[in-house]
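What follows is target00.tsv (TSV, C-alpha atoms and all ligand atoms).
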chain	number	residue	atom	x	y	z
C	1	MET	CA	68.70	-122.69	7.08
C	2	LYS	CA	65.03	-123.59	6.55
C	3	LYS	CA	62.72	-120.60	6.26
C	4	ASP	CA	60.40	-121.63	9.11
C	5	LYS	CA	62.81	-120.87	11.95
C	6	LYS	CA	61.77	-118.46	14.71
C	7	PHE	CA	62.69	-114.76	14.59
C	8	GLY	CA	65.63	-114.96	17.03
C	9	THR	CA	67.12	-117.93	15.19
C	10	ARG	CA	66.84	-116.01	11.94
C	11	CYS	CA	68.57	-113.01	13.54
C	12	VAL	CA	71.52	-115.24	14.38
C	13	ARG	CA	71.65	-117.45	11.32
C	14	ALA	CA	69.69	-116.18	8.29
C	15	GLY	CA	71.74	-115.21	5.25
C	16	GLU	CA	74.96	-116.70	6.53
C	17	ALA	CA	76.74	-119.93	5.63
C	18	PRO	CA	80.28	-121.18	6.25
C	19	ASP	CA	82.72	-119.36	3.98
C	20	PRO	CA	83.37	-121.59	0.95
C	21	SER	CA	87.03	-120.55	0.65
C	22	TYR	CA	88.43	-121.30	4.10
C	23	GLY	CA	85.43	-122.21	6.26
C	24	ALA	CA	85.52	-118.93	8.22
C	25	HIS	CA	82.88	-119.09	10.96
C	26	THR	CA	81.65	-115.51	10.53
C	27	THR	CA	80.74	-113.96	7.19
C	28	PRO	CA	84.02	-112.54	5.83
C	29	LEU	CA	84.40	-108.85	5.22
C	30	TYR	CA	85.08	-108.70	1.48
C	31	GLN	CA	87.11	-105.50	1.59
C	32	THR	CA	87.52	-105.17	-2.15
C	33	SER	CA	86.40	-102.65	-4.72
C	34	THR	CA	86.53	-105.00	-7.70
C	35	PHE	CA	86.32	-108.72	-8.61
C	36	ILE	CA	88.54	-110.76	-10.94
C	37	PHE	CA	86.86	-112.53	-13.86
C	38	ASP	CA	87.92	-115.97	-15.11
C	39	SER	CA	87.72	-114.67	-18.67
C	40	ALA	CA	86.73	-111.67	-20.77
C	41	GLU	CA	83.58	-113.59	-21.71
C	42	GLN	CA	82.64	-114.07	-18.08
C	43	GLY	CA	83.12	-110.34	-17.36
C	44	ALA	CA	80.93	-109.46	-20.33
C	45	SER	CA	78.18	-111.88	-19.35
C	46	ARG	CA	78.15	-110.58	-15.75
C	47	PHE	CA	77.83	-107.01	-16.99
C	48	ALA	CA	75.11	-108.12	-19.40
C	49	GLY	CA	73.22	-109.71	-16.48
C	50	GLU	CA	73.42	-113.12	-18.15
C	51	GLU	CA	75.50	-114.65	-15.38
C	52	GLU	CA	75.08	-114.05	-11.67
C	53	GLY	CA	78.13	-112.86	-9.79
C	54	TYR	CA	80.10	-109.88	-8.60
C	55	THR	CA	81.75	-107.24	-10.76
C	56	TYR	CA	82.49	-104.03	-8.88
C	57	ALA	CA	81.44	-103.18	-5.32
C	58	ARG	CA	79.35	-100.13	-6.31
C	59	LEU	CA	77.23	-102.27	-8.60
C	60	VAL	CA	74.40	-104.58	-7.51
C	61	PRO	CA	74.89	-107.10	-5.83
C	62	ASN	CA	77.94	-105.27	-4.36
C	63	THR	CA	79.89	-107.97	-2.46
C	64	PRO	CA	79.14	-111.29	-0.72
C	65	THR	CA	79.14	-109.41	2.63
C	66	HIS	CA	76.35	-107.12	1.37
C	67	ALA	CA	74.51	-110.15	-0.05
C	68	ALA	CA	74.56	-111.86	3.36
C	69	LEU	CA	73.14	-108.73	5.03
C	70	VAL	CA	70.39	-108.46	2.41
C	71	LYS	CA	69.40	-112.10	2.96
C	72	LYS	CA	69.32	-111.65	6.74
C	73	ILE	CA	67.22	-108.49	6.79
C	74	ALA	CA	64.90	-109.82	4.05
C	75	SER	CA	64.35	-112.94	6.16
C	76	LEU	CA	63.53	-110.81	9.24
C	77	GLU	CA	61.13	-108.54	7.33
C	78	GLU	CA	59.63	-111.59	5.55
C	79	GLY	CA	60.39	-110.01	2.20
C	80	GLU	CA	61.93	-111.49	-0.96
C	81	THR	CA	65.11	-109.50	-1.25
C	82	GLY	CA	66.63	-106.05	-0.73
C	83	GLN	CA	69.37	-103.53	-1.34
C	84	THR	CA	71.77	-101.88	1.08
C	85	PHE	CA	72.75	-98.19	1.04
C	86	SER	CA	75.28	-95.80	2.53
C	87	SER	CA	72.58	-94.30	4.81
C	88	GLY	CA	68.87	-94.41	5.53
C	89	MET	CA	68.54	-91.20	3.48
C	90	ALA	CA	70.34	-92.82	0.51
C	91	ALA	CA	67.84	-95.69	0.74
C	92	ILE	CA	64.83	-93.35	0.74
C	93	THR	CA	66.37	-91.29	-2.09
C	94	ALA	CA	66.90	-94.38	-4.24
C	95	VAL	CA	63.30	-95.53	-3.73
C	96	ALA	CA	62.00	-92.06	-4.68
C	97	LEU	CA	64.29	-91.56	-7.69
C	98	SER	CA	63.61	-95.01	-9.07
C	99	GLN	CA	59.81	-94.88	-8.68
C	100	LEU	CA	58.90	-91.23	-9.32
C	101	GLU	CA	59.33	-88.95	-12.31
C	102	GLN	CA	58.54	-85.41	-13.32
C	103	GLY	CA	54.81	-84.71	-13.01
C	104	ASP	CA	54.23	-87.43	-10.40
C	105	HIS	CA	52.61	-86.83	-7.06
C	106	PHE	CA	53.08	-88.76	-3.85
C	107	ILE	CA	51.73	-88.73	-0.31
C	108	SER	CA	53.91	-88.75	2.80
C	109	SER	CA	53.15	-88.88	6.50
C	110	ASP	CA	53.23	-85.29	7.75
C	111	VAL	CA	55.54	-86.27	10.60
C	112	VAL	CA	58.77	-87.75	9.27
C	113	TYR	CA	62.46	-87.49	10.08
C	114	GLY	CA	63.79	-84.00	9.16
C	115	GLY	CA	66.04	-85.34	6.40
C	116	THR	CA	63.11	-87.15	4.80
C	117	TYR	CA	61.04	-83.96	4.97
C	118	GLY	CA	63.82	-82.03	3.26
C	119	LEU	CA	64.25	-84.62	0.52
C	120	PHE	CA	60.51	-84.70	-0.19
C	121	SER	CA	59.74	-80.99	0.10
C	122	SER	CA	62.85	-79.43	-1.46
C	123	VAL	CA	65.05	-81.86	-3.37
C	124	LEU	CA	62.34	-83.81	-5.22
C	125	ALA	CA	60.37	-80.60	-5.87
C	126	LYS	CA	63.30	-79.37	-7.99
C	127	PHE	CA	62.64	-82.28	-10.35
C	128	GLY	CA	58.91	-81.65	-10.68
C	129	VAL	CA	57.76	-84.30	-8.21
C	130	GLU	CA	55.04	-83.02	-5.90
C	131	VAL	CA	54.41	-84.22	-2.35
C	132	SER	CA	51.36	-83.85	-0.10
C	133	PHE	CA	52.20	-84.16	3.57
C	134	VAL	CA	49.14	-85.76	5.14
C	135	ASP	CA	48.11	-86.81	8.64
C	136	THR	CA	48.39	-90.52	7.84
C	137	SER	CA	46.99	-91.45	11.26
C	138	ASP	CA	43.64	-90.75	9.55
C	139	PRO	CA	43.11	-93.02	6.50
C	140	GLU	CA	40.26	-90.77	5.31
C	141	LYS	CA	42.72	-87.89	4.90
C	142	VAL	CA	44.95	-90.15	2.84
C	143	LYS	CA	41.99	-91.03	0.58
C	144	GLU	CA	41.08	-87.35	0.20
C	145	ASN	CA	44.60	-86.50	-0.98
C	146	VAL	CA	44.91	-89.22	-3.62
C	147	ARG	CA	45.17	-87.80	-7.14
C	148	LYS	CA	45.23	-89.38	-10.58
C	149	ASN	CA	49.04	-89.05	-10.63
C	150	THR	CA	49.66	-90.33	-7.07
C	151	LYS	CA	52.37	-92.94	-7.50
C	152	LEU	CA	53.56	-93.63	-3.99
C	153	ILE	CA	52.42	-93.45	-0.36
C	154	PHE	CA	55.21	-93.11	2.19
C	155	LEU	CA	54.56	-93.86	5.85
C	156	GLU	CA	56.73	-93.40	8.88
C	157	THR	CA	55.20	-95.27	11.83
C	158	PRO	CA	55.82	-94.73	14.68
C	159	ALA	CA	56.73	-91.28	13.46
C	160	ASN	CA	59.90	-89.47	14.46
C	161	PRO	CA	59.55	-87.67	16.88
C	162	THR	CA	55.83	-87.45	17.78
C	163	MET	CA	55.37	-91.25	17.98
C	164	ILE	CA	52.13	-90.91	15.98
C	165	ILE	CA	51.06	-94.23	14.48
C	166	CYS	CA	49.18	-94.98	11.30
C	167	ASP	CA	47.24	-98.08	10.34
C	168	ILE	CA	49.57	-99.77	7.85
C	169	GLU	CA	46.96	-102.30	6.69
C	170	GLU	CA	44.27	-99.67	6.00
C	171	ILE	CA	46.59	-97.29	4.16
C	172	CYS	CA	48.21	-100.03	2.09
C	173	LYS	CA	44.72	-101.02	1.01
C	174	ILE	CA	44.15	-97.46	-0.19
C	175	ALA	CA	47.50	-97.56	-2.00
C	176	ARG	CA	46.58	-100.81	-3.75
C	177	GLU	CA	43.19	-99.43	-4.85
C	178	THR	CA	44.99	-96.31	-6.11
C	179	GLY	CA	47.72	-98.23	-7.91
C	180	ALA	CA	50.34	-96.48	-5.76
C	181	LEU	CA	53.39	-98.13	-4.22
C	182	SER	CA	53.22	-98.31	-0.41
C	183	VAL	CA	56.50	-97.69	1.39
C	184	VAL	CA	57.01	-97.89	5.16
C	185	ASP	CA	59.97	-96.52	7.09
C	186	ASN	CA	60.22	-99.19	9.80
C	187	THR	CA	63.28	-97.71	11.51
C	188	PHE	CA	61.59	-97.02	14.87
C	189	ALA	CA	59.81	-100.37	15.30
C	190	THR	CA	62.31	-102.75	13.59
C	191	PRO	CA	61.09	-106.08	12.17
C	192	TYR	CA	61.18	-107.48	15.70
C	193	PHE	CA	58.08	-105.48	16.61
C	194	GLN	CA	56.46	-104.66	13.25
C	195	ARG	CA	56.49	-106.30	9.82
C	196	PRO	CA	54.87	-103.92	7.34
C	197	LEU	CA	55.14	-106.33	4.38
C	198	LYS	CA	52.85	-108.74	6.28
C	199	SER	CA	50.40	-105.85	6.72
C	200	GLY	CA	50.29	-105.27	2.96
C	201	ALA	CA	53.14	-102.81	2.31
C	202	ASP	CA	55.16	-103.14	-0.90
C	203	VAL	CA	58.45	-101.82	0.44
C	204	VAL	CA	60.16	-101.44	3.81
C	205	ILE	CA	63.00	-99.03	4.51
C	206	HIS	CA	65.41	-98.85	7.45
C	207	SER	CA	68.10	-96.57	8.61
C	208	CYS	CA	70.59	-99.30	9.64
C	209	THR	CA	72.30	-96.55	11.60
C	210	LYS	CA	69.74	-97.14	14.33
C	211	TYR	CA	68.53	-100.46	15.80
C	212	ILE	CA	69.88	-102.66	12.99
C	213	GLY	CA	73.49	-101.68	13.63
C	214	GLY	CA	72.44	-101.12	17.21
C	215	HIS	CA	75.69	-99.72	18.60
C	216	ALA	CA	75.83	-96.15	17.19
C	217	ASP	CA	78.96	-96.96	15.21
C	218	LEU	CA	77.79	-96.97	11.59
C	219	ILE	CA	75.70	-95.08	9.03
C	220	GLY	CA	73.70	-97.29	6.67
C	221	GLY	CA	70.34	-98.01	5.09
C	222	VAL	CA	68.41	-100.87	3.54
C	223	VAL	CA	65.33	-101.40	1.40
C	224	VAL	CA	63.35	-104.69	1.34
C	225	GLY	CA	60.68	-105.69	-1.15
C	226	LYS	CA	59.80	-108.01	-4.03
C	227	LYS	CA	62.57	-109.10	-6.43
C	228	GLU	CA	60.95	-107.21	-9.28
C	229	PHE	CA	60.83	-104.00	-7.24
C	230	VAL	CA	64.44	-104.29	-6.09
C	231	ARG	CA	65.50	-104.94	-9.72
C	232	SER	CA	63.68	-101.77	-10.74
C	233	MET	CA	65.93	-99.76	-8.39
C	234	ALA	CA	69.17	-101.13	-9.89
C	235	PRO	CA	69.78	-98.35	-12.46
C	236	VAL	CA	69.50	-95.69	-9.75
C	237	VAL	CA	71.55	-97.74	-7.29
C	238	ASN	CA	74.32	-98.39	-9.81
C	239	CYS	CA	74.46	-94.88	-11.24
C	240	THR	CA	74.08	-92.77	-8.10
C	241	GLY	CA	76.56	-94.77	-6.04
C	242	GLY	CA	74.98	-94.64	-2.60
C	243	THR	CA	76.55	-97.99	-1.83
C	244	MET	CA	76.93	-99.17	1.75
C	245	GLY	CA	80.54	-99.55	2.80
C	246	VAL	CA	81.49	-103.18	3.32
C	247	HIS	CA	82.56	-102.60	6.90
C	248	GLU	CA	79.14	-101.10	7.62
C	249	ALA	CA	77.52	-104.16	6.02
C	250	TRP	CA	79.58	-106.43	8.24
C	251	LEU	CA	78.73	-104.39	11.36
C	252	SER	CA	75.04	-104.48	10.40
C	253	ILE	CA	75.17	-108.27	10.15
C	254	ARG	CA	76.76	-108.42	13.57
C	255	GLY	CA	74.20	-106.01	14.99
C	256	LEU	CA	71.27	-108.02	13.66
C	257	LYS	CA	72.46	-111.17	15.43
C	258	THR	CA	71.31	-109.68	18.74
C	259	LEU	CA	68.36	-107.59	17.50
C	260	HIS	CA	65.75	-109.77	19.24
C	261	LEU	CA	67.53	-109.54	22.60
C	262	ARG	CA	68.26	-105.83	22.37
C	263	MET	CA	64.74	-104.85	21.33
C	264	GLU	CA	63.17	-106.56	24.36
C	265	LYS	CA	65.38	-104.54	26.70
C	266	HIS	CA	64.99	-101.27	24.74
C	267	ALA	CA	61.21	-101.69	24.95
C	268	SER	CA	61.01	-102.64	28.62
C	269	ASN	CA	63.30	-99.74	29.54
C	270	ALA	CA	61.24	-97.31	27.41
C	271	MET	CA	58.04	-98.51	29.09
C	272	GLU	CA	59.48	-97.97	32.58
C	273	VAL	CA	60.81	-94.53	31.63
C	274	ALA	CA	57.46	-93.59	30.04
C	275	GLU	CA	55.57	-94.66	33.18
C	276	PHE	CA	57.99	-92.73	35.41
C	277	LEU	CA	57.66	-89.57	33.32
C	278	GLU	CA	53.88	-89.87	33.09
C	279	ALA	CA	53.64	-89.90	36.88
C	280	HIS	CA	56.10	-87.02	37.38
C	281	PRO	CA	54.57	-83.67	38.42
C	282	LYS	CA	56.96	-81.64	36.22
C	283	ILE	CA	55.97	-83.52	33.04
C	284	GLU	CA	53.13	-82.14	30.91
C	285	TRP	CA	52.59	-85.08	28.57
C	286	VAL	CA	54.24	-88.36	27.44
C	287	ARG	CA	53.88	-90.14	24.09
C	288	TYR	CA	54.79	-93.85	24.02
C	289	PRO	CA	52.77	-96.43	22.03
C	290	GLY	CA	52.75	-98.82	25.00
C	291	LEU	CA	50.85	-96.34	27.20
C	292	PRO	CA	47.04	-96.71	27.06
C	293	GLY	CA	46.78	-92.92	26.70
C	294	HIS	CA	48.57	-92.95	23.31
C	295	PRO	CA	46.15	-91.58	20.68
C	296	GLN	CA	46.57	-94.65	18.44
C	297	TYR	CA	46.98	-97.22	21.22
C	298	GLU	CA	44.51	-99.64	19.57
C	299	ILE	CA	46.29	-99.53	16.21
C	300	ALA	CA	49.64	-100.02	17.94
C	301	GLN	CA	48.22	-103.11	19.67
C	302	LYS	CA	46.98	-104.44	16.33
C	303	GLN	CA	50.10	-104.01	14.21
C	304	MET	CA	53.00	-104.04	16.67
C	305	SER	CA	54.07	-106.89	18.93
C	306	GLY	CA	55.94	-104.43	21.19
C	307	PHE	CA	56.59	-100.70	21.27
C	308	SER	CA	60.32	-100.27	20.83
C	309	GLY	CA	62.62	-97.91	22.69
C	310	MET	CA	61.52	-94.45	21.51
C	311	LEU	CA	59.37	-91.98	23.42
C	312	SER	CA	58.78	-88.25	23.52
C	313	PHE	CA	57.49	-85.94	26.21
C	314	GLY	CA	56.89	-82.30	27.09
C	315	ILE	CA	58.01	-80.62	30.30
C	316	LYS	CA	56.13	-77.98	32.21
C	317	GLY	CA	58.06	-74.80	31.47
C	318	GLY	CA	58.49	-75.64	27.77
C	319	ILE	CA	61.73	-75.48	25.89
C	320	GLU	CA	63.64	-73.62	28.60
C	321	ALA	CA	62.88	-76.36	31.11
C	322	GLY	CA	63.66	-78.96	28.43
C	323	ARG	CA	67.07	-77.41	27.76
C	324	LYS	CA	67.82	-77.36	31.47
C	325	LEU	CA	66.85	-81.01	31.72
C	326	MET	CA	69.06	-81.99	28.77
C	327	ASN	CA	71.96	-80.02	30.26
C	328	SER	CA	71.46	-81.69	33.65
C	329	VAL	CA	71.52	-85.39	32.68
C	330	GLU	CA	74.64	-87.23	33.78
C	331	LEU	CA	74.13	-90.81	32.59
C	332	CYS	CA	72.01	-90.21	29.47
C	333	SER	CA	73.89	-88.87	26.44
C	334	LEU	CA	72.77	-85.54	24.98
C	335	SER	CA	72.88	-86.71	21.39
C	336	VAL	CA	70.81	-87.15	18.24
C	337	SER	CA	70.27	-90.53	16.52
C	338	LEU	CA	68.59	-93.47	18.21
C	339	GLY	CA	68.72	-97.22	18.72
C	340	ALA	CA	72.10	-97.08	20.44
C	341	VAL	CA	73.09	-99.22	23.43
C	342	ASP	CA	73.16	-96.08	25.56
C	343	THR	CA	70.20	-93.81	26.31
C	344	LEU	CA	70.11	-90.71	24.11
C	345	ILE	CA	68.16	-87.52	24.76
C	346	GLU	CA	67.64	-84.70	22.24
C	347	HIS	CA	65.48	-81.73	21.23
C	348	PRO	CA	63.97	-82.35	17.75
C	349	ALA	CA	62.77	-78.76	17.08
C	350	SER	CA	66.34	-77.44	17.32
C	351	MET	CA	68.23	-80.55	16.20
C	352	THR	CA	66.90	-83.49	14.10
C	353	HIS	CA	63.88	-81.59	12.73
C	354	VAL	CA	65.27	-78.04	12.67
C	355	ASN	CA	65.07	-77.90	8.84
C	356	ILE	CA	61.26	-78.18	8.97
C	357	PRO	CA	59.70	-74.69	9.00
C	358	ALA	CA	58.57	-73.67	12.51
C	359	GLU	CA	54.92	-73.25	11.47
C	360	VAL	CA	54.89	-76.75	9.92
C	361	ARG	CA	56.50	-78.23	13.03
C	362	ALA	CA	53.90	-76.56	15.24
C	363	LYS	CA	51.03	-77.77	13.02
C	364	VAL	CA	52.10	-81.43	13.07
C	365	GLY	CA	52.98	-81.57	16.78
C	366	ILE	CA	56.77	-81.24	16.70
C	367	THR	CA	56.36	-78.64	19.41
C	368	ASP	CA	59.18	-76.66	20.98
C	369	ASP	CA	58.64	-78.37	24.32
C	370	LEU	CA	59.05	-81.87	22.83
C	371	VAL	CA	62.04	-83.84	24.12
C	372	ARG	CA	62.86	-87.23	22.57
C	373	ILE	CA	64.45	-90.17	24.35
C	374	SER	CA	65.93	-93.30	22.82
C	375	ALA	CA	65.98	-95.71	25.76
C	376	GLY	CA	69.23	-97.65	25.77
C	377	LEU	CA	70.26	-100.93	27.31
C	378	GLU	CA	71.38	-99.68	30.73
C	379	GLU	CA	69.30	-100.80	33.72
C	380	ALA	CA	65.98	-98.93	33.80
C	381	ASP	CA	66.46	-97.84	37.44
C	382	ASP	CA	69.68	-96.04	36.53
C	383	ILE	CA	68.10	-94.22	33.55
C	384	ILE	CA	65.18	-93.17	35.73
C	385	GLU	CA	67.44	-92.07	38.58
C	386	ASP	CA	69.33	-89.84	36.13
C	387	LEU	CA	66.15	-88.28	34.71
C	388	ASP	CA	64.82	-87.82	38.24
C	389	GLN	CA	67.92	-85.97	39.44
C	390	ALA	CA	67.83	-83.79	36.29
C	391	LEU	CA	64.14	-83.00	36.86
C	392	THR	CA	64.74	-81.99	40.48
C	393	ARG	CA	67.16	-79.32	39.21
C	394	LEU	CA	64.39	-77.55	37.22
C	401	LIG	C1	62.88	-92.65	10.92
C	401	LIG	C2	64.15	-92.32	10.22
C	401	LIG	N1	64.29	-92.64	8.93
C	401	LIG	C3	65.41	-92.35	8.24
C	401	LIG	C4	66.48	-91.71	8.85
C	401	LIG	C5	67.71	-91.40	8.07
C	401	LIG	O1	68.71	-92.32	8.39
C	401	LIG	P1	70.27	-92.03	8.19
C	401	LIG	O2	70.69	-91.06	9.24
C	401	LIG	O3	70.89	-93.38	8.33
C	401	LIG	O4	70.43	-91.46	6.81
C	401	LIG	C6	66.37	-91.36	10.20
C	401	LIG	C7	67.48	-90.67	10.88
C	401	LIG	O5	67.38	-90.27	12.02
C	401	LIG	C8	65.19	-91.67	10.90
C	401	LIG	O6	65.02	-91.36	12.20

In structure tokens, write the structure found in this file.
Ligand SMILES: Cc1ncc(COP(=O)(O)O)c(C=O)c1O
Amino acid sequence: MKKDKKFGTRCVRAGEAPDPSYGAHTTPLYQTSTFIFDSAEQGASRFAGEEEGYTYARLVPNTPTHAALVKKIASLEEGETGQTFSSGMAAITAVALSQLEQGDHFISSDVVYGGTYGLFSSVLAKFGVEVSFVDTSDPEKVKENVRKNTKLIFLETPANPTMIICDIEEICKIARETGALSVVDNTFATPYFQRPLKSGADVVIHSCTKYIGGHADLIGGVVVGKKEFVRSMAPVVNCTGGTMGVHEAWLSIRGLKTLHLRMEKHASNAMEVAEFLEAHPKIEWVRYPGLPGHPQYEIAQKQMSGFSGMLSFGIKGGIEAGRKLMNSVELCSLSVSLGAVDTLIEHPASMTHVNIPAEVRAKVGITDDLVRISAGLEEADDIIEDLDQALTRL
């Protein structure tokens, strides 16, 4: 397929070609742990990196199924190549371990997924890597926190769960001037709505568990960047073994084929839900990048072509009212994760972000009253009707 095809066409076709063995229409699932060499010499030259080809499914480039997924997601993110992982966290871990060493410092958005916070604040700290959590919605604060040994700037935008947005272009400029690698977790927006590499980022990360898989039936992760960068991760990838399972790779390929269609519906549903909640007398506040009242509405307009399916809100009556609401929904699923076909509702302070100390959560806006919704693909009227009936019970 020529590179100039439109996004939806690339979702369907990029990275895939008829199977050379039997002409299978869909990319085969190469359910194998190892590959047979034609000769001892061939095996040796593949291990030496002198000949391209597969060796063992833990080792880069894993299997042809993984390779097809990498080509598809790289095409969608407009990047050169990538690497798949067993989870979004394994992807973030591999980027950190391959790029940072003892004595290094890096900057991270202060609002990130709880697992990312734990990795940065506790796990990496054990190896002498220091993080500064910074309000990356303010580029000046990023500049102020740059040190001589700052090697990486990690952004999550929109941020989970506050939906705070940072200016990717501005911060990547600061990273370039600093000589630091810029890394963006694009899980919430997906390449359909936001392409950080086009805005100057070096690396994009996804939890494939979310919109890429799209059906809440897999755990996976992927990293996209320049060939040289992806090569630099290979020792960590090969030796730590956070390889994506081949079935997950196959499911991710299948998920991506409908990404463009799903994201339109996720976003229009989220917008309708956000507008309903904003007008509801029992709701204190709503945070959705498509609402003009969002604190970074202008930046969202600049760098996103749509606002995805995630929103958060606070209810009058705080956490007690929030709990009652979550216990009263009938259609929406009371569940963590996001990007599923069905609408999910959860309480970050006691679930996805519970590992972040309470005082840190309060400081960065992950307040106890915050409820997060991942708008699914049901009809908006039905989601709203469910939330409405749950709100009347408060
Ligand atoms: C923004 C973001 N990044 C990364 C992750 C981690 O992904 P995974 O659960 O696939 O490890 C999550 C999980 O919720 C997330 O929300």

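Interatomic distance, CA of Gly314 (chain C) to CA of Lys210 (chain C): 23.4 Å.
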
Could you tell me, counting all atoms listed in the file, which protein and nucleic acid residues lie no more than 8 Å from ligand LIG 401 (chain C), written as a PDB file with C-alpha atoms, in the frame of the given file?
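Saved result, out.pdb, follows:
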ATOM      1  CA  SER C  86      75.280 -95.800   2.530  1.00  0.00           C
ATOM      2  CA  SER C  87      72.580 -94.300   4.810  1.00  0.00           C
ATOM      3  CA  GLY C  88      68.870 -94.410   5.530  1.00  0.00           C
ATOM      4  CA  MET C  89      68.540 -91.200   3.480  1.00  0.00           C
ATOM      5  CA  ALA C  90      70.340 -92.820   0.510  1.00  0.00           C
ATOM      6  CA  ALA C  91      67.840 -95.690   0.740  1.00  0.00           C
ATOM      7  CA  ILE C  92      64.830 -93.350   0.740  1.00  0.00           C
ATOM      8  CA  VAL C 112      58.770 -87.750   9.270  1.00  0.00           C
ATOM      9  CA  TYR C 113      62.460 -87.490  10.080  1.00  0.00           C
ATOM     10  CA  GLY C 114      63.790 -84.000   9.160  1.00  0.00           C
ATOM     11  CA  GLY C 115      66.040 -85.340   6.400  1.00  0.00           C
ATOM     12  CA  THR C 116      63.110 -87.150   4.800  1.00  0.00           C
ATOM     13  CA  GLU C 156      56.730 -93.400   8.880  1.00  0.00           C
ATOM     14  CA  ALA C 159      56.730 -91.280  13.460  1.00  0.00           C
ATOM     15  CA  ASN C 160      59.900 -89.470  14.460  1.00  0.00           C
ATOM     16  CA  ASP C 185      59.970 -96.520   7.090  1.00  0.00           C
ATOM     17  CA  ASN C 186      60.220 -99.190   9.800  1.00  0.00           C
ATOM     18  CA  THR C 187      63.280 -97.710  11.510  1.00  0.00           C
ATOM     19  CA  PHE C 188      61.590 -97.020  14.870  1.00  0.00           C
ATOM     20  CA  ILE C 205      63.000 -99.030   4.510  1.00  0.00           C
ATOM     21  CA  HIS C 206      65.410 -98.850   7.450  1.00  0.00           C
ATOM     22  CA  SER C 207      68.100 -96.570   8.610  1.00  0.00           C
ATOM     23  CA  CYS C 208      70.590 -99.300   9.640  1.00  0.00           C
ATOM     24  CA  THR C 209      72.300 -96.550  11.600  1.00  0.00           C
ATOM     25  CA  LYS C 210      69.740 -97.140  14.330  1.00  0.00           C
ATOM     26  CA  ILE C 219      75.700 -95.080   9.030  1.00  0.00           C
ATOM     27  CA  GLY C 220      73.700 -97.290   6.670  1.00  0.00           C
ATOM     28  CA  GLY C 221      70.340 -98.010   5.090  1.00  0.00           C
ATOM     29  CA  VAL C 336      70.810 -87.150  18.240  1.00  0.00           C
ATOM     30  CA  SER C 337      70.270 -90.530  16.520  1.00  0.00           C
ATOM     31  CA  LEU C 338      68.590 -93.470  18.210  1.00  0.00           C
ATOM     32  CA  THR C 352      66.900 -83.490  14.100  1.00  0.00           C
TER      33      THR C 352
END

For Gly225 (chain C), list every protein, DNA or RNA residue within 7 Å, evaluated using only C-alpha atoms, and leave out those in the same chain fewer than 3 positions away; present the list as a compact mmCIF listing (two decimals) with C-alpha atoms, in the frame of the given file.
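selection-v6.txt, written as the output of this step:
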# COMPACT_ATOMS: atom_id res chain seq x y z
CA GLY C 79 60.39 -110.01 2.20
CA GLU C 80 61.93 -111.49 -0.96
CA THR C 81 65.11 -109.50 -1.25
CA GLY C 82 66.63 -106.05 -0.73
CA ASP C 202 55.16 -103.14 -0.90
CA VAL C 203 58.45 -101.82 0.44
CA VAL C 204 60.16 -101.44 3.81
CA PHE C 229 60.83 -104.00 -7.24
CA VAL C 230 64.44 -104.29 -6.09

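In this structure, CA of Val70 (chain C) sits 17.5 Å away from CA of His260 (chain C).
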
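CA of Ile174 (chain C) sits 9.5 Å away from CA of Glu140 (chain C).
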
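Ranking C:His294, C:Arg176, C:Arg254, C:Arg393 by their shortest atom-to-atom distance to Arg323 (chain C), with all atoms listed in the file included, puts C:Arg393 first.
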
Given all atoms listed in the file as the counted atoms, nearest of C:Glu169, C:Glu177, C:Glu78, C:Glu330 to Leu391 (chain C): C:Glu330

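Comparing the minimum interatomic distances between Ser335 (chain C) and each of C:Ala216, C:Gly241, C:Thr258, C:His247, counting all atoms listed in the file, we find that C:Ala216 sits nearest.
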
Quick one: everything within 10 Å of region 55-57 of chain C, counting only C-alpha atoms, minus sequence neighbours fewer than 5 positions away in the same chain. Send it as a PDB file with C-alpha atoms, in the coordinates of the input.
ATOM      1  CA  TYR C  30      85.080-108.700   1.480  1.00  0.00           C
ATOM      2  CA  GLN C  31      87.110-105.500   1.590  1.00  0.00           C
ATOM      3  CA  THR C  32      87.520-105.170  -2.150  1.00  0.00           C
ATOM      4  CA  SER C  33      86.400-102.650  -4.720  1.00  0.00           C
ATOM      5  CA  THR C  34      86.530-105.000  -7.700  1.00  0.00           C
ATOM      6  CA  PHE C  35      86.320-108.720  -8.610  1.00  0.00           C
ATOM      7  CA  ILE C  36      88.540-110.760 -10.940  1.00  0.00           C
ATOM      8  CA  PHE C  37      86.860-112.530 -13.860  1.00  0.00           C
ATOM      9  CA  GLY C  43      83.120-110.340 -17.360  1.00  0.00           C
ATOM     10  CA  ALA C  44      80.930-109.460 -20.330  1.00  0.00           C
ATOM     11  CA  ARG C  46      78.150-110.580 -15.750  1.00  0.00           C
ATOM     12  CA  PHE C  47      77.830-107.010 -16.990  1.00  0.00           C
ATOM     13  CA  ASN C  62      77.940-105.270  -4.360  1.00  0.00           C
ATOM     14  CA  THR C  63      79.890-107.970  -2.460  1.00  0.00           C
ATOM     15  CA  PRO C  64      79.140-111.290  -0.720  1.00  0.00           C
ATOM     16  CA  HIS C  66      76.350-107.120   1.370  1.00  0.00           C
ATOM     17  CA  ASN C 238      74.320 -98.390  -9.810  1.00  0.00           C
ATOM     18  CA  GLY C 241      76.560 -94.770  -6.040  1.00  0.00           C
ATOM     19  CA  THR C 243      76.550 -97.990  -1.830  1.00  0.00           C
ATOM     20  CA  MET C 244      76.930 -99.170   1.750  1.00  0.00           C
ATOM     21  CA  GLY C 245      80.540 -99.550   2.800  1.00  0.00           C
ATOM     22  CA  VAL C 246      81.490-103.180   3.320  1.00  0.00           C
TER      23      VAL C 246
END
